[in-house]
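Everything below concerns the one structure shown next.
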Amino acid sequence: MATSGAAPGLTPGPGLPALPWLRHAWTASLGCFVLAAATGVLFRFGLVWGLPPGLAFARLRHAHSHLMYLGWVTPWLFALVAALLPSATGRPLRRPGMARAIVGATVAMALLAYGLFAAFGYEAVPLGGARVPLAAAASGLSMVLWYAFIAWHRGETAGLPRPAPSSGAAMARRLWATALALMVVASLGAWGRAALGAAGVTDPFWQDAAVHLFLDVFSDGWMVLALLGVGQLLHSRRDAPPSPWARWGLALAAAGIPLAFLVGVPLWRVPAPARMVAGAGSLAAGVGLLLLTADLWRRSRPDPIWRLALAALGIKAVASAVIAWPGAAIWVERWGLRILYLHLLLLGGVTLGLVAAAAALGMPLPARRTRRFAAAVALVLASLVPLTGLWPGPLRGPWGLHGAAWAALAAWVAAMGLWLPGVSPSPTGVPRAGGPGACGSST
């Protein structure tokens with residue numbers, strides 16, 4: 001396996017070589033993805049042949065989604081921000097050990113929550129004379145770790161001079177600061193959901209509103225914006241600074257994302273004035289994200305995996321703008337497109353983007369296996385189309401569920417192909433950004 005030279009879009013900061021644990025963070029986070037994907041395979045085959053005794057579809061779905069959000073995406077994004085922050089600030093990290101501890105604890109807590117969700121779901125479990133929703137409690141502890149990382153980030157960026165507005169480093173810092181702020185907003189949905197349960201509030205509108213405040217703001221606000229910040233440093237050409245349109249895009253996204261979450265609630269449950277506000281927010285968020293992704297596409301180096309991720313995020317941005325109109329939202333609900341949309345966002349956009357970032361930082365990712373994984377992701381997305389209203393009714397049948405199950409299995413096998421080189425002993429350790437191997441591997 002030969003390696004290529006340094007990524008030309010990355011200007012390493014003085015603290016980047018001081019993160020020897022970056023490969024461990026990658027391996028642990030990707031391991032969570034492999035486990036979450038295996039759970040998805042079990043779920044899909046369970047729809048075909050039934051689940052083993054003792055397992056429940058709802059519990060598996062919660063375990064799968066929480067591990068994707070909390071164990072795969074979040075700790076690896078934390079590690080990427082920590083690794084790239086010196087390149088954006090021009091100074092070494094003050095407390096790299098704290099970042100490492102938070103990343104490790106985030107992975108551990110995600111695995112704990114996964115096991116509890118698979119066993120109990122959101123059900124309360126008898127514990128010491130009381131009934132405690134253990135899985136929800138573990139998720140709450142994960143959010144405490146988010147706040148710890150936000151505090152760490154504020155400490156690392158305190159006292160910095162204002163960067164030049166046209167630089168990629170400045171845009172990365174703005175994107176990360178906005179993403180972390182929206183992570184706090186998203187956490188209010190999770191706390192709100194717990195408060196509703198404690199108060200005995202069962203109104204479906206408030207229940208759905210709290211869930212979508214968490215899921216949608218977390219997805220668009222934290223995951224997408226933080227990933228785009230990573231792309232500013234790892235995948236952009238140094239001779240092509242961000243355009244003013246990108247700064248307008250960030251402003252629109254930051255204003256629209258916190259308002260758009262009610263678009264995900266069934267239309268008939270949302271009061272008309274609130275739906276108008278949510279529609280305006282969804283339109284602003286979609287336009288803003290489209291401007292950001294288009295600007296990054298214009299400035300990106302020719303990395304096919306990163307380009308695929310940007311394309312998926314661009315389609316997601318268009319979808320956010322379209323469903324601002326109630327008629328389009330009704331069509332999406334009626335045709336059952338939400339599962340396809342979520343996989344396009346999480347697999348096609350975020351996951352491929354995170355894999356491209358790992359390759360750019362020199363993680364052990366053979367290019368052939370990375371291409372196979374991208375092809376498997378495309379196969380999963382294609383397999384979900386026959387399960388939606390987009391597929392002609394006369395052509396539907398049980399084969400659709402079989403196809404989705406086998407496509408999920410192919411994606412899991414491809415993910416294992418990415419993960420195994422990371423757990424294998426490496427004689428050279430973790431390549432440094434700016435040194436040999438910083439742009440990934442080729443066979």
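So you can find residues: chains in the structure tokens are A, B, ... in the order shown, residues in each start at 1, and ligands are numbered from 1 in order.
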Output as a count of residues only all residues of range 133-270 of chain A that backbone DSSP marks as alpha helix (DSSP H).
-> 93
Using only C-alpha atoms, which of the listed residues (A:Leu262, A:Ala407, A:Leu292, A:Ala28) sits closest to Val107 in chain A?
-> A:Ala28
With distances taken over only C-alpha atoms, which of A:Leu84, A:Val103, A:Leu70, A:Val380 is nearest to Leu401 in chain A?
->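 Using only C-alpha atoms, Leu401 in chain A sits closest to A:Val380.
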Would you mind listing what lies within 12 Å of Ile323 in chain A as a PyMOL selection string, with only C-alpha atoms counted and same-chain residues fewer than 3 positions away left out?
-> chain A and resi 260-267+275-276+278-286+316-320+326-333+337-338+341
Output N, CA and C atoms for every residue in that selection, as a CSV table (one decimal), in the first residue's frame.
chain,number,residue,atom,x,y,z
A,260,ALA,N,-36.6,25.5,12.0
A,260,ALA,CA,-37.1,24.6,10.9
A,260,ALA,C,-37.6,23.3,11.5
A,261,PHE,N,-37.4,23.0,12.8
A,261,PHE,CA,-37.6,21.6,13.2
A,261,PHE,C,-39.1,21.2,13.2
A,262,LEU,N,-40.0,22.1,13.3
A,262,LEU,CA,-41.4,21.8,13.2
A,262,LEU,C,-41.8,21.3,11.8
A,263,VAL,N,-41.0,21.5,10.8
A,263,VAL,CA,-41.3,21.0,9.5
A,263,VAL,C,-41.4,19.5,9.5
A,264,GLY,N,-40.6,18.8,10.4
A,264,GLY,CA,-40.6,17.4,10.5
A,264,GLY,C,-41.8,16.8,11.2
A,265,VAL,N,-42.6,17.6,11.9
A,265,VAL,CA,-43.7,17.1,12.6
A,265,VAL,C,-44.9,17.0,11.6
A,266,PRO,N,-45.7,16.0,11.7
A,266,PRO,CA,-46.8,15.9,10.7
A,266,PRO,C,-47.6,17.2,10.6
A,267,LEU,N,-47.9,17.6,9.4
A,267,LEU,CA,-48.5,18.9,9.1
A,267,LEU,C,-49.7,19.2,9.9
A,275,ARG,N,-46.3,26.7,11.7
A,275,ARG,CA,-45.8,26.1,10.5
A,275,ARG,C,-45.3,27.1,9.5
A,276,MET,N,-45.8,28.3,9.5
A,276,MET,CA,-45.3,29.3,8.6
A,276,MET,C,-43.9,29.7,9.1
A,278,ALA,N,-41.8,27.8,10.8
A,278,ALA,CA,-40.9,26.7,10.5
A,278,ALA,C,-40.6,26.6,9.0
A,279,GLY,N,-41.6,26.9,8.2
A,279,GLY,CA,-41.3,26.8,6.7
A,279,GLY,C,-40.3,27.9,6.3
A,280,ALA,N,-40.5,29.1,6.9
A,280,ALA,CA,-39.5,30.1,6.6
A,280,ALA,C,-38.1,29.7,7.0
A,281,GLY,N,-38.0,29.1,8.2
A,281,GLY,CA,-36.7,28.6,8.7
A,281,GLY,C,-36.1,27.5,7.8
A,282,SER,N,-37.0,26.6,7.4
A,282,SER,CA,-36.5,25.5,6.5
A,282,SER,C,-36.0,26.1,5.2
A,283,LEU,N,-36.7,27.1,4.6
A,283,LEU,CA,-36.2,27.7,3.4
A,283,LEU,C,-34.9,28.4,3.6
A,284,ALA,N,-34.8,29.1,4.7
A,284,ALA,CA,-33.5,29.8,5.0
A,284,ALA,C,-32.4,28.8,5.2
A,285,ALA,N,-32.7,27.8,5.9
A,285,ALA,CA,-31.6,26.7,6.2
A,285,ALA,C,-31.2,26.0,4.9
A,286,GLY,N,-32.2,25.7,4.1
A,286,GLY,CA,-31.9,25.0,2.8
A,286,GLY,C,-31.0,25.9,1.9
A,316,LYS,N,-29.7,17.3,0.0
A,316,LYS,CA,-30.4,17.5,1.3
A,316,LYS,C,-30.8,19.0,1.5
A,317,ALA,N,-29.9,19.9,1.1
A,317,ALA,CA,-30.2,21.3,1.2
A,317,ALA,C,-31.4,21.7,0.3
A,318,VAL,N,-31.4,21.2,-0.9
A,318,VAL,CA,-32.6,21.4,-1.8
A,318,VAL,C,-33.9,20.9,-1.2
A,319,ALA,N,-33.8,19.7,-0.6
A,319,ALA,CA,-35.0,19.1,0.1
A,319,ALA,C,-35.5,20.0,1.2
A,320,SER,N,-34.6,20.5,2.0
A,320,SER,CA,-35.0,21.4,3.1
A,320,SER,C,-35.7,22.6,2.6
A,326,PRO,N,-46.0,23.7,2.5
A,326,PRO,CA,-46.8,22.6,3.1
A,326,PRO,C,-47.2,21.6,2.1
A,327,GLY,N,-47.5,21.9,0.8
A,327,GLY,CA,-47.9,20.9,-0.2
A,327,GLY,C,-46.8,19.9,-0.4
A,328,ALA,N,-45.5,20.4,-0.5
A,328,ALA,CA,-44.4,19.5,-0.6
A,328,ALA,C,-44.2,18.6,0.6
A,329,ALA,N,-44.4,19.2,1.8
A,329,ALA,CA,-44.3,18.4,3.0
A,329,ALA,C,-45.3,17.3,3.1
A,330,ILE,N,-46.6,17.6,2.6
A,330,ILE,CA,-47.6,16.6,2.6
A,330,ILE,C,-47.2,15.4,1.6
A,331,TRP,N,-46.6,15.8,0.5
A,331,TRP,CA,-46.2,14.8,-0.5
A,331,TRP,C,-45.1,13.9,0.1
A,332,VAL,N,-44.2,14.5,0.8
A,332,VAL,CA,-43.1,13.7,1.4
A,332,VAL,C,-43.6,12.8,2.4
A,333,GLU,N,-44.6,13.2,3.3
A,333,GLU,CA,-45.2,12.3,4.2
A,333,GLU,C,-46.0,11.2,3.6
A,337,LEU,N,-40.9,9.3,2.4
A,337,LEU,CA,-39.5,9.6,2.0
A,337,LEU,C,-38.6,9.9,3.1
A,338,ARG,N,-39.1,10.0,4.4
A,338,ARG,CA,-38.2,10.4,5.5
A,338,ARG,C,-37.0,9.5,5.7
A,341,TYR,N,-34.5,10.1,3.1
A,341,TYR,CA,-33.9,11.4,3.4
A,341,TYR,C,-32.8,11.3,4.5
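Relative to CA of Met68 in chain A, CA of Gly336 in chain A is found at 21.6 Å.
CA of Ser219 in chain A sits 16.2 Å away from CA of Val287 in chain A.
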Polymer residues at most 6 Å from range 166-170 of chain A, only C-alpha atoms, same-chain spacing of 6 or more positions, as a ChimeraX atom specification = /A:88,232,241-242
Nearest to Ile102 in chain A among A:Ala130, A:Leu289, A:Met143, A:Leu116, with distances taken over only C-alpha atoms: which residue is it?
->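 The closest residue to Ile102 in chain A is A:Met143.
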